[in-house]
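Engineer: Take this structure first; my questions come after.
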Amino acid sequence: MTKSFSIVCALITTFIWGTAFIAQDTGMDNIGPLTFNAARFFVGFITVLPIALIFERKKIYQQINLNKNKFFKYLVIMGFSLFLGTALQQASLQFTNVANAAFFTVFYVPLVPILLFFIYSQKVHWSIWPSIVLCIYGVYLLSNFSDSNIMKGDALVILCSLFWALHIIFAGKFMEIFDIPIFYAALQGLLVALLSITFAYTFEDIVFSNILLESTSIIYAGVLSGGVAFTLQMFAQKNIEEAPAAIIYSLEGVFAVIAAWIILDQILNINNVIGCILILVAVIFSQLAPGLKKN
């Protein structure tokens with residue numbers, strides 16, 4: 001698997017996450033965030049599992065037996081990180097607006113290299129730091145955050161970015177050892193769905209008829225975001241280090257704004273366009289700069 005293929009996977013993942021943000025925002029008119037996530041990730045699980053059994057069935061047991069302890073350790077850590085990250089993100093949309101959510105979610109970009117250093121003593125290429133600055137300022141312009149009020153949901157988004165960062169880090173570490181990304185994505189989706197439905201029964205009223213009312217948003221966010229995108233993320237991080245991958249994922253905000261412009265007729269101003277360009281420059285610089293010295 002080449003790095004070019006991994007970058008394409010990362011870009012498709014980011015595109016799906018960005019466009020699915022609208023479905024996540026509109027999918028809670030009749031149900032709570034935990035119920036939405038439970039349905040979304042269960043749909044993702046039943047979408048991905050048959051594909052995993054077709055393409056990876058012969059090597060599932062072999063791969064798990066490489067290191068059972070690490071396999072299930074990563075599954076638990078990534079499952080809980082993804083559950084907490086998505087649950088906090090969904091809950092935050094009830095208390096804050098999309099602009100604030102887009103701005104604060106991108107905090108996972110600087111968190112990834114910081115956590116890599118503290119957890120694994122792993123240093124990153126110097127180009128990551130100016131790329132992070134460009135990325136955060138780009139999202140600031142993109143989200144119209146300067147015109148937004150600080151809301152209580154923002155604290156939830158900041159906390160959610162920590163768990164997104166952990167998920168990105170451990171996805172990269174998992175792919176250094178194992179090679180069953182599709183099956184792993186299916187298991188991860190099932191674990192998140194089970195955790196979500198467990199807490200939904202405690203904190204929310206689950207009404208099946210209300211879930212059906214949000215079926216369009218659930219299917220879109222489930223099949224594409226909860227299923228396809230998280231599978232492609234595993235392929236992407238096979239050949240891309242965690243910190244550059246996080247910068248690529250920050251393009252989620254760009255795709256979300258473009259989707260809102262096309263689907264919701266939201267107008268793009270000059271700051272939005274400049275923000276898109278800055279994030280794109282940050283992504284390109286983070287990918288090309290490490291190879292310049294070698295050449």
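Letters A, B, ... go to the chains of the structure tokens in the order shown; residues in each chain start at 1; ligands are counted from 1 in the same order.
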Mind checking which residues fall within 9 Å of Asn37 in chain A, counting only C-alpha atoms, ignoring those fewer than 5 positions away in the same chain, and posting them as a PyMOL selection string?
Structural biologist: chain A and resi 24+32+42+83+86-87+90+192-193+196-197+218+222+226
Engineer: Apply DSSP to the structure's backbone, then extract all residues of range 63-220 of chain A labelled alpha helix (DSSP H) and return them as a VMD selection string.
Structural biologist: chain A and resid 63 to 64 68 to 92 98 to 105 108 to 120 128 to 142 153 to 177 181 to 203 208 to 213 215 to 219
Engineer: Write out as a list of chain:residue names which residues come within 12 Å of range 52-62 of chain A when counting only C-alpha atoms, dropping same-chain ones fewer than 6 positions away.
Structural biologist: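 In the requested form, the answer reads A:Phe45, A:Ile46, A:Lys68, A:Phe71, A:Phe178, A:Asp179, A:Ile180, A:Pro181, A:Ile182, A:Phe183, A:Tyr184, A:Ala185, A:Ala186, A:Leu187, A:Gly227, A:Val228, A:Thr231.
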Engineer: With only C-alpha atoms as the counted atoms, please give the residues lying no more than 12 Å from Phe203 in chain A, apart from itself and same-chain residues fewer than 4 positions off, as a PyMOL selection string.
Structural biologist: chain A and resi 31-35+91+196-199
Engineer: Restrict the selected residues to N, CA and C atoms and save them as a compact mmCIF listing (two decimals), in the first residue's frame.
Structural biologist:
```txt
# COMPACT_ATOMS: atom_id res chain seq x y z
N ILE A 31 -34.56 12.79 18.41
CA ILE A 31 -33.87 11.83 19.29
C ILE A 31 -32.66 12.50 19.92
N GLY A 32 -32.14 11.88 21.00
CA GLY A 32 -30.98 12.42 21.68
C GLY A 32 -29.68 12.03 21.01
N PRO A 33 -28.56 12.66 21.40
CA PRO A 33 -27.26 12.39 20.76
C PRO A 33 -26.78 10.96 20.94
N LEU A 34 -27.04 10.36 22.11
CA LEU A 34 -26.59 8.98 22.34
C LEU A 34 -27.40 7.99 21.49
N THR A 35 -28.69 8.24 21.40
CA THR A 35 -29.55 7.38 20.56
C THR A 35 -29.13 7.49 19.10
N ALA A 91 -23.48 15.86 21.57
CA ALA A 91 -24.11 16.60 22.67
C ALA A 91 -23.83 18.10 22.55
N SER A 196 -23.08 3.36 23.31
CA SER A 196 -24.04 4.45 23.11
C SER A 196 -25.44 4.04 23.55
N ILE A 197 -25.87 2.83 23.18
CA ILE A 197 -27.23 2.41 23.53
C ILE A 197 -27.35 2.16 25.03
N THR A 198 -26.26 1.71 25.66
CA THR A 198 -26.27 1.49 27.11
C THR A 198 -26.50 2.79 27.86
N PHE A 199 -25.76 3.83 27.47
CA PHE A 199 -25.91 5.12 28.14
C PHE A 199 -27.20 5.82 27.70
```
Engineer: Which is closer to Asp154 in chain A than all the others in A:Phe174, A:Phe80, A:Phe95, A:Phe255, using only C-alpha atoms?
Structural biologist: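 Of all the options, A:Phe95 lies closest to Asp154 in chain A.
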Engineer: Given the choices A:Glu241, A:Met175, A:Leu159, A:Leu194, which gets closest to Val124 in chain A if the distance is worked out from only C-alpha atoms?
Structural biologist: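 Counting only C-alpha atoms, the residue closest to Val124 in chain A is A:Glu241.
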Engineer: Using only C-alpha atoms, can you tell me which of A:Cys135, A:Lys123, A:Ala200, A:Leu88 comes closest to Ile158 in chain A?
Structural biologist: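 Of A:Cys135, A:Lys123, A:Ala200, A:Leu88, the one nearest Ile158 in chain A is A:Leu88, counting only C-alpha atoms.
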Engineer: May I have the residues within 12 Å of Asn210 in chain A as a PyMOL selection string, using only C-alpha atoms and disregarding those fewer than 4 positions away in the same chain?
Structural biologist: chain A and resi 27-32+35-36+39+205-206+214-215+218
Engineer: Work out how far apart CA of Ile262 in chain A and CA of Phe235 in chain A are and give it in Å to one decimal.
Structural biologist: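 The value is 29.0 Å.
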Engineer: Please, what distance in Å, to one decimal, runs between CA of Lys238 in chain A and CA of Glu176 in chain A?
Structural biologist: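 Those two atoms sit 6.7 Å apart.
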Engineer: Fewer than 2 positions away in the same chain doesn't count, so skip those; otherwise give me all residues within 10 Å of Pro113 in chain A, counting only C-alpha atoms, as number ranges by chain.
Structural biologist: A: 108-111, 115-119, 121-125, 128-129, 132, 165, 169, 242-244, 246
Engineer: Take the residues from that selection and write them out as a PDB file, in the first residue's frame, keeping N, CA and C atoms.
Structural biologist:
```
ATOM      1  N   TYR A 108      -7.800  19.039  18.077  1.00  0.00           N
ATOM      2  CA  TYR A 108      -7.115  17.752  18.070  1.00  0.00           C
ATOM      3  C   TYR A 108      -5.840  17.809  17.225  1.00  0.00           C
ATOM      4  N   VAL A 109      -5.729  18.791  16.322  1.00  0.00           N
ATOM      5  CA  VAL A 109      -4.541  18.884  15.466  1.00  0.00           C
ATOM      6  C   VAL A 109      -3.278  19.153  16.291  1.00  0.00           C
ATOM      7  N   PRO A 110      -3.235  20.195  17.162  1.00  0.00           N
ATOM      8  CA  PRO A 110      -2.041  20.351  17.999  1.00  0.00           C
ATOM      9  C   PRO A 110      -1.939  19.307  19.107  1.00  0.00           C
ATOM     10  N   LEU A 111      -3.070  18.733  19.526  1.00  0.00           N
ATOM     11  CA  LEU A 111      -3.029  17.745  20.605  1.00  0.00           C
ATOM     12  C   LEU A 111      -2.324  16.465  20.179  1.00  0.00           C
ATOM     13  N   LEU A 115       0.475  14.808  22.484  1.00  0.00           N
ATOM     14  CA  LEU A 115       0.217  13.529  23.135  1.00  0.00           C
ATOM     15  C   LEU A 115       1.203  12.457  22.673  1.00  0.00           C
ATOM     16  N   LEU A 116       1.600  12.500  21.400  1.00  0.00           N
ATOM     17  CA  LEU A 116       2.596  11.549  20.902  1.00  0.00           C
ATOM     18  C   LEU A 116       3.900  11.671  21.678  1.00  0.00           C
ATOM     19  N   PHE A 117       4.282  12.908  21.991  1.00  0.00           N
ATOM     20  CA  PHE A 117       5.528  13.124  22.728  1.00  0.00           C
ATOM     21  C   PHE A 117       5.416  12.604  24.164  1.00  0.00           C
ATOM     22  N   PHE A 118       4.280  12.895  24.831  1.00  0.00           N
ATOM     23  CA  PHE A 118       4.138  12.492  26.225  1.00  0.00           C
ATOM     24  C   PHE A 118       3.873  10.991  26.387  1.00  0.00           C
ATOM     25  N   ILE A 119       3.159  10.390  25.432  1.00  0.00           N
ATOM     26  CA  ILE A 119       2.829   8.968  25.552  1.00  0.00           C
ATOM     27  C   ILE A 119       3.940   8.078  25.019  1.00  0.00           C
ATOM     28  N   SER A 121       7.076   9.459  23.624  1.00  0.00           N
ATOM     29  CA  SER A 121       8.332  10.210  23.461  1.00  0.00           C
ATOM     30  C   SER A 121       8.690  10.349  21.988  1.00  0.00           C
ATOM     31  N   GLN A 122       7.682  10.512  21.160  1.00  0.00           N
ATOM     32  CA  GLN A 122       7.856  10.569  19.703  1.00  0.00           C
ATOM     33  C   GLN A 122       7.850  12.015  19.238  1.00  0.00           C
ATOM     34  N   LYS A 123       8.946  12.435  18.615  1.00  0.00           N
ATOM     35  CA  LYS A 123       9.035  13.785  18.088  1.00  0.00           C
ATOM     36  C   LYS A 123       8.470  13.826  16.667  1.00  0.00           C
ATOM     37  N   VAL A 124       7.999  14.997  16.268  1.00  0.00           N
ATOM     38  CA  VAL A 124       7.443  15.159  14.922  1.00  0.00           C
ATOM     39  C   VAL A 124       8.318  16.122  14.124  1.00  0.00           C
ATOM     40  N   HIS A 125       8.180  16.059  12.796  1.00  0.00           N
ATOM     41  CA  HIS A 125       8.941  16.944  11.922  1.00  0.00           C
ATOM     42  C   HIS A 125       8.570  18.400  12.209  1.00  0.00           C
ATOM     43  N   ILE A 128       5.357  20.337  11.077  1.00  0.00           N
ATOM     44  CA  ILE A 128       4.033  20.129  11.671  1.00  0.00           C
ATOM     45  C   ILE A 128       3.560  21.384  12.412  1.00  0.00           C
ATOM     46  N   TRP A 129       4.492  22.077  13.092  1.00  0.00           N
ATOM     47  CA  TRP A 129       4.083  23.203  13.950  1.00  0.00           C
ATOM     48  C   TRP A 129       3.577  24.400  13.155  1.00  0.00           C
ATOM     49  N   ILE A 132       0.200  23.468  11.831  1.00  0.00           N
ATOM     50  CA  ILE A 132      -0.844  23.535  12.852  1.00  0.00           C
ATOM     51  C   ILE A 132      -1.360  24.968  13.005  1.00  0.00           C
ATOM     52  N   ALA A 165      -8.116  13.072  19.240  1.00  0.00           N
ATOM     53  CA  ALA A 165      -6.656  12.982  19.129  1.00  0.00           C
ATOM     54  C   ALA A 165      -6.161  11.600  19.544  1.00  0.00           C
ATOM     55  N   ILE A 169      -4.208   8.749  17.203  1.00  0.00           N
ATOM     56  CA  ILE A 169      -2.904   8.201  17.604  1.00  0.00           C
ATOM     57  C   ILE A 169      -2.933   6.679  17.637  1.00  0.00           C
ATOM     58  N   GLU A 242       0.795   9.991  12.478  1.00  0.00           N
ATOM     59  CA  GLU A 242      -0.407  10.493  13.152  1.00  0.00           C
ATOM     60  C   GLU A 242      -0.560  12.013  13.057  1.00  0.00           C
ATOM     61  N   ALA A 243       0.526  12.771  13.258  1.00  0.00           N
ATOM     62  CA  ALA A 243       0.422  14.239  13.247  1.00  0.00           C
ATOM     63  C   ALA A 243       0.055  14.789  11.864  1.00  0.00           C
ATOM     64  N   PRO A 244       0.732  14.369  10.774  1.00  0.00           N
ATOM     65  CA  PRO A 244       0.290  14.819   9.442  1.00  0.00           C
ATOM     66  C   PRO A 244      -1.126  14.369   9.109  1.00  0.00           C
ATOM     67  N   ALA A 246      -3.617  14.090  11.192  1.00  0.00           N
ATOM     68  CA  ALA A 246      -4.534  14.996  11.885  1.00  0.00           C
ATOM     69  C   ALA A 246      -4.723  16.287  11.105  1.00  0.00           C
TER      70      ALA A 246
END
```
Engineer: Fewer than 3 positions away in the same chain doesn't count, so skip those; otherwise give me all residues within 7 Å of range 278-284 of chain A, counting only C-alpha atoms, as a compact mmCIF listing (two decimals) with N, CA and C atoms, in the first residue's frame.
Structural biologist:
```
# COMPACT_ATOMS: atom_id res chain seq x y z
N SER A 131 2.35 24.22 10.23
CA SER A 131 1.13 23.69 9.59
C SER A 131 -0.05 23.76 10.56
N LEU A 134 -1.24 27.43 10.77
CA LEU A 134 -2.03 27.75 9.58
C LEU A 134 -3.40 27.10 9.63
N CYS A 135 -3.42 25.84 10.08
CA CYS A 135 -4.66 25.07 10.14
C CYS A 135 -5.67 25.71 11.10
N GLY A 138 -6.86 29.02 9.82
CA GLY A 138 -7.75 28.77 8.69
C GLY A 138 -9.15 28.39 9.15
N ILE A 247 -3.64 16.77 10.47
CA ILE A 247 -3.74 18.01 9.69
C ILE A 247 -4.62 17.78 8.45
N ILE A 248 -4.46 16.62 7.81
CA ILE A 248 -5.32 16.30 6.66
C ILE A 248 -6.79 16.26 7.11
N LEU A 251 -9.27 19.20 7.15
CA LEU A 251 -10.03 19.61 5.96
C LEU A 251 -11.52 19.32 6.10
N ILE A 274 -10.48 32.40 2.30
CA ILE A 274 -9.09 32.47 2.77
C ILE A 274 -8.81 31.33 3.75
N GLY A 275 -9.79 31.04 4.63
CA GLY A 275 -9.63 29.95 5.59
C GLY A 275 -9.43 28.61 4.89
N GLN A 287 2.73 17.56 4.21
CA GLN A 287 3.02 16.34 3.46
C GLN A 287 4.31 16.46 2.64
N LEU A 288 4.61 17.66 2.11
CA LEU A 288 5.76 17.82 1.22
C LEU A 288 7.05 18.18 1.95
```
Engineer: Which one of A:Ala20, A:Ile64, A:Ile219, A:Leu93 sits closest to Leu156 in chain A if you count only C-alpha atoms?
Structural biologist: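 Among the listed residues, the smallest separation from Leu156 in chain A belongs to A:Leu93.
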